[in-house]
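Engineer: One structure, pasted below without further comment.
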Amino acid sequence: MTSIYNQTKNSVKKILSNLNLINPFDSIFSEIEFETLSYCNRKCHYCPNIDYERLGEEASFFMKEEVFNTLINQLKDLNFKGQISPHLYGEPLSDPRIVNWVDKIKINLPKSKVKIVTNADYLNKKMYKDLIEAGVDIFYISKHSKKFKKHFIELIDDLTKEELSNNFIFNDFYTDFKSEEQSLLNNRGGDIELKEKALISKTPPVNCSYVTYPVINTYGDIILCCQDFQNKYVCGNIMERHLEDIWFDDKNITLRKKIFKSRFDLQICKDCVM
Ligand code: SF4
Ligand code: SF4
């Protein structure tokens, strides 16, 4: 059950955001996510990838180079210095262009921070070295099976304690999925069923942080948030309008502000628990 402390904290957050005392939409977003490809080599039970082939046709698996270049140029226009995460529901390290694209991000946006979220299935010593040299700042490693692959274990065994603590954050979804509380998991906007006990402690998001930054699919569409696996809510396409125009478009920002204040009109938000 949600604790009294959490209930009070959420009430205070709601009041402050409704008074506009917490408002992350006043200035430009501080992070951005985009998928370089929609393919993932795994099909985890707690991921919508298990039921749907994301974006269908093979041609949509990869973001086209021109979409990537447009995105980087638009971020350059904004003098973007925040966090860039090239992932969504695809496995970024299965994209053969990833090292080259991280390199391009860092050349064009040297003050940005690159975060790689990966299942580590493709992360070996060479790829790690190449990605660090290209400018990756942090790896978020998601564990989705009992053991990591041999080449990844060899890589982490080789690293110093300092490298390991500076460059890696681990999340063990494999263990979390089996636990009753499932504290790391959420229901992906209603696409995933959680255990009964887990649902008791989870609530609809208050001051939803996922709605405060752009998430871009392989086509260049800005979608509602990273929970929108099926791309049901598209706000615009960066090949047609500048990212900044789409982001600050009245309709888009009004919707996002409402969600941030826990006023949910869209079904995906009504179904969402964290
Ligand atoms: S949870 Fe991650 S590794 Fe598992 S299917 Fe989804 S995207 Fe792939
Ligand atoms: S509340 Fe809406 S915007 Fe926020 S994470 Fe859930 S589905 Fe996404």
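Identifiers in the structure tokens: chain A, B, ... in order shown; residue index from 1 per chain; ligand index from 1 in order shown.
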Please return, as a PyMOL selection string, all residues of segment 31-96 of chain A that DSSP assigns to alpha helix (DSSP H) on the basis of the backbone.
Structural biologist: chain A and resi 65-77
Engineer: Can I get the selected residues back with N, CA and C atoms, as a short mmCIF file (atom, residue, chain, number, x, y, z; two decimals), in the first residue's frame?
Structural biologist:
```
data_model
loop_
_atom_site.label_atom_id
_atom_site.label_comp_id
_atom_site.auth_asym_id
_atom_site.auth_seq_id
_atom_site.Cartn_x
_atom_site.Cartn_y
_atom_site.Cartn_z
N GLU A 65 19.88 7.79 -41.79
CA GLU A 65 20.98 8.72 -41.49
C GLU A 65 20.50 10.18 -41.57
N GLU A 66 19.63 10.47 -42.55
CA GLU A 66 19.18 11.86 -42.71
C GLU A 66 18.33 12.32 -41.51
N VAL A 67 17.61 11.37 -40.89
CA VAL A 67 16.81 11.72 -39.71
C VAL A 67 17.76 12.01 -38.54
N PHE A 68 18.77 11.15 -38.39
CA PHE A 68 19.76 11.35 -37.33
C PHE A 68 20.47 12.70 -37.51
N ASN A 69 20.91 12.99 -38.75
CA ASN A 69 21.63 14.25 -39.00
C ASN A 69 20.74 15.46 -38.72
N THR A 70 19.46 15.34 -39.08
CA THR A 70 18.53 16.45 -38.83
C THR A 70 18.39 16.67 -37.33
N LEU A 71 18.26 15.57 -36.59
CA LEU A 71 18.13 15.68 -35.14
C LEU A 71 19.36 16.37 -34.53
N ILE A 72 20.54 15.95 -34.95
CA ILE A 72 21.77 16.53 -34.40
C ILE A 72 21.84 18.02 -34.75
N ASN A 73 21.50 18.36 -35.98
CA ASN A 73 21.54 19.78 -36.37
C ASN A 73 20.56 20.61 -35.56
N GLN A 74 19.38 20.04 -35.31
CA GLN A 74 18.38 20.79 -34.53
C GLN A 74 18.83 20.96 -33.08
N LEU A 75 19.47 19.92 -32.55
CA LEU A 75 20.00 20.05 -31.18
C LEU A 75 21.13 21.07 -31.13
N LYS A 76 21.90 21.12 -32.21
CA LYS A 76 22.98 22.14 -32.30
C LYS A 76 22.37 23.54 -32.30
N ASP A 77 21.28 23.72 -33.05
CA ASP A 77 20.58 25.02 -33.07
C ASP A 77 20.20 25.44 -31.65
#
```
Engineer: Residues within 12 Å of Asn6 of chain A, please, as a list of chain:residue names. Count only C-alpha atoms; anything in the same chain fewer than 4 positions from it doesn't count.
Structural biologist: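 The filter keeps A:Met1, A:Thr2, A:Asn10, A:Ser11, A:Val12, A:Lys13, A:Ser201, A:Lys202, A:Thr203, A:Pro205, A:Val206.
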Engineer: Find the spatial neighbours of segment 105-122 of chain A, counting only C-alpha atoms, within a cut-off of 7 Å - ignore same-chain residues fewer than 5 positions away - and output them as a list in words.
Structural biologist: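 Contacts, in chain order: Ile72, Lys76, Phe80, Lys81, Gly82, Gln83, Ile84, Ser85, Pro86, His87, Glu91, Pro92, Leu93, Ser94, Gly135, Val136, Asp137, Ile138, Phe139, Tyr140, Ile141, Ser142, Lys143, His144, Lys149 and Phe152 of chain A.
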Engineer: Would you mind exporting C-alpha atoms of the selected residues as an mmCIF file, in the first residue's frame?
Structural biologist:
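Written out: selection.cif:
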```cif
data_model
loop_
_atom_site.group_PDB
_atom_site.id
_atom_site.type_symbol
_atom_site.label_atom_id
_atom_site.label_comp_id
_atom_site.auth_asym_id
_atom_site.auth_seq_id
_atom_site.Cartn_x
_atom_site.Cartn_y
_atom_site.Cartn_z
ATOM 1 C CA ILE A 72 21.765 16.534 -34.398
ATOM 2 C CA LYS A 76 22.979 22.141 -32.302
ATOM 3 C CA PHE A 80 21.869 21.442 -26.342
ATOM 4 C CA LYS A 81 24.024 20.491 -23.350
ATOM 5 C CA GLY A 82 21.844 17.861 -21.716
ATOM 6 C CA GLN A 83 21.690 14.093 -21.736
ATOM 7 C CA ILE A 84 21.273 12.180 -24.991
ATOM 8 C CA SER A 85 20.124 8.559 -24.830
ATOM 9 C CA PRO A 86 20.081 6.671 -28.129
ATOM 10 C CA HIS A 87 17.556 3.987 -27.183
ATOM 11 C CA GLU A 91 18.877 -2.653 -28.355
ATOM 12 C CA PRO A 92 21.241 0.203 -29.276
ATOM 13 C CA LEU A 93 24.382 -1.927 -29.307
ATOM 14 C CA SER A 94 22.924 -4.182 -32.000
ATOM 15 C CA GLY A 135 32.448 9.697 -25.783
ATOM 16 C CA VAL A 136 29.883 7.598 -23.920
ATOM 17 C CA ASP A 137 29.539 9.042 -20.413
ATOM 18 C CA ILE A 138 27.564 6.309 -18.691
ATOM 19 C CA PHE A 139 26.233 2.798 -19.343
ATOM 20 C CA TYR A 140 22.961 1.698 -17.764
ATOM 21 C CA ILE A 141 23.124 -2.085 -17.802
ATOM 22 C CA SER A 142 19.797 -3.895 -17.635
ATOM 23 C CA LYS A 143 20.101 -7.507 -16.487
ATOM 24 C CA HIS A 144 17.445 -9.668 -18.115
ATOM 25 C CA LYS A 149 27.085 -13.272 -21.409
ATOM 26 C CA PHE A 152 30.494 -9.030 -20.747
#
```
Engineer: Would you compute the distance between atom CA of Phe260 of chain A and atom CA of Cys272 of chain A? Give it in Å to one decimal.
Structural biologist: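 Atom CA of Cys272 of chain A lies 13.0 Å from atom CA of Phe260 of chain A.
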Engineer: For ligand 2, list the contacting residues at 10 Å or closer, counting only C-alpha atoms and all ligand atoms, as an MDAnalysis selection string.
Structural biologist: chainID A and resid 186:190 204:213 223:229 233 255:256 258:274
Engineer: Print the selection's residues with C-alpha atoms to a file, as a PDB file, in the first residue's frame.
Structural biologist:
```
ATOM      1  CA  ASN A 186       6.095  -0.345 -14.398  1.00  0.00           C
ATOM      2  CA  ASN A 187       3.143  -1.338 -16.555  1.00  0.00           C
ATOM      3  CA  ARG A 188       4.252   0.487 -19.725  1.00  0.00           C
ATOM      4  CA  GLY A 189       1.138   2.612 -19.969  1.00  0.00           C
ATOM      5  CA  GLY A 190      -1.100  -0.419 -19.536  1.00  0.00           C
ATOM      6  CA  PRO A 204      -0.370   6.918 -11.377  1.00  0.00           C
ATOM      7  CA  PRO A 205       2.640   9.213 -11.862  1.00  0.00           C
ATOM      8  CA  VAL A 206       2.718  12.529 -10.019  1.00  0.00           C
ATOM      9  CA  ASN A 207       4.843  15.192 -11.750  1.00  0.00           C
ATOM     10  CA  CYS A 208       5.523  12.590 -14.429  1.00  0.00           C
ATOM     11  CA  SER A 209       9.153  13.047 -15.420  1.00  0.00           C
ATOM     12  CA  TYR A 210       8.715  10.976 -18.587  1.00  0.00           C
ATOM     13  CA  VAL A 211       6.578  13.680 -20.161  1.00  0.00           C
ATOM     14  CA  THR A 212       9.206  16.396 -19.672  1.00  0.00           C
ATOM     15  CA  TYR A 213      11.575  15.480 -22.504  1.00  0.00           C
ATOM     16  CA  ILE A 223       5.966  10.529 -29.334  1.00  0.00           C
ATOM     17  CA  LEU A 224       4.292  11.205 -26.001  1.00  0.00           C
ATOM     18  CA  CYS A 225       6.824   9.414 -23.819  1.00  0.00           C
ATOM     19  CA  CYS A 226       8.973   6.315 -23.566  1.00  0.00           C
ATOM     20  CA  GLN A 227       5.973   4.281 -22.372  1.00  0.00           C
ATOM     21  CA  ASP A 228       4.203   4.801 -25.710  1.00  0.00           C
ATOM     22  CA  PHE A 229       5.552   1.578 -27.255  1.00  0.00           C
ATOM     23  CA  TYR A 233       0.468   9.608 -29.554  1.00  0.00           C
ATOM     24  CA  LEU A 255      -0.983  18.475 -22.893  1.00  0.00           C
ATOM     25  CA  ARG A 256       2.381  17.850 -21.228  1.00  0.00           C
ATOM     26  CA  LYS A 258      -1.623  18.795 -17.732  1.00  0.00           C
ATOM     27  CA  ILE A 259      -0.055  15.349 -17.479  1.00  0.00           C
ATOM     28  CA  PHE A 260       2.680  16.755 -15.239  1.00  0.00           C
ATOM     29  CA  LYS A 261      -0.097  18.066 -12.977  1.00  0.00           C
ATOM     30  CA  SER A 262      -1.647  14.554 -12.916  1.00  0.00           C
ATOM     31  CA  ARG A 263      -4.612  15.563 -15.048  1.00  0.00           C
ATOM     32  CA  PHE A 264      -4.879  12.656 -17.446  1.00  0.00           C
ATOM     33  CA  ASP A 265      -6.993  12.836 -20.607  1.00  0.00           C
ATOM     34  CA  LEU A 266      -5.162  10.224 -22.661  1.00  0.00           C
ATOM     35  CA  GLN A 267      -5.988   6.568 -22.097  1.00  0.00           C
ATOM     36  CA  ILE A 268      -2.301   5.609 -21.897  1.00  0.00           C
ATOM     37  CA  CYS A 269      -1.845   7.988 -18.929  1.00  0.00           C
ATOM     38  CA  LYS A 270      -5.061   6.833 -17.267  1.00  0.00           C
ATOM     39  CA  ASP A 271      -3.743   3.251 -17.452  1.00  0.00           C
ATOM     40  CA  CYS A 272      -0.184   4.112 -16.383  1.00  0.00           C
ATOM     41  CA  VAL A 273       1.217   3.165 -12.962  1.00  0.00           C
ATOM     42  CA  MET A 274       4.780   3.502 -11.727  1.00  0.00           C
TER      43      MET A 274
END
```
Engineer: Ligand 1: which residues are within 6 Å, counting only C-alpha atoms and all ligand atoms? Reply as an NGL selection string.
Structural biologist: :A and (40 or 42-44 or 47 or 49 or 89-90 or 119)
Engineer: Just to confirm, what's the straight-line distance from atom CA of Asp191 of chain A to atom CA of Gly236 of chain A in Å (one decimal)?
Structural biologist: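 Interatomic distance here is 23.0 Å.
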Engineer: Between atom CA of Ile156 of chain A and atom CA of Ile98 of chain A, what is the distance in Å, rounded to a tenth?
Structural biologist: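 Interatomic distance, atom CA of Ile156 of chain A to atom CA of Ile98 of chain A: 20.5 Å.
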Engineer: Let's see if you can do this: from backbone DSSP, list all strand (DSSP E or B) residues in segment 75-246 of chain A, as number ranges by chain.
Structural biologist: A: 83-85, 113-118, 136-143, 168-172, 215-216, 221-223, 234-237
Engineer: Between A:Tyr128, A:Phe29, A:Ala134, A:Asn41, single out the one closest to Leu164 of chain A, counting only C-alpha atoms.
Structural biologist: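 Result for the nearest residue to Leu164 of chain A: A:Tyr128.
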Engineer: Which residues come within 8 Å of segment 22-28 of chain A, counting only C-alpha atoms, excluding same-chain residues fewer than 2 positions away, as number ranges by chain?
Structural biologist: A: 13, 16-17, 19-20, 30, 212, 253, 257
Engineer: Which residue is closest to Glu133 of chain A? Choose from A:Leu194, A:Ile246, A:Val102, A:Leu37 and count only C-alpha atoms.
Structural biologist: A:Val102
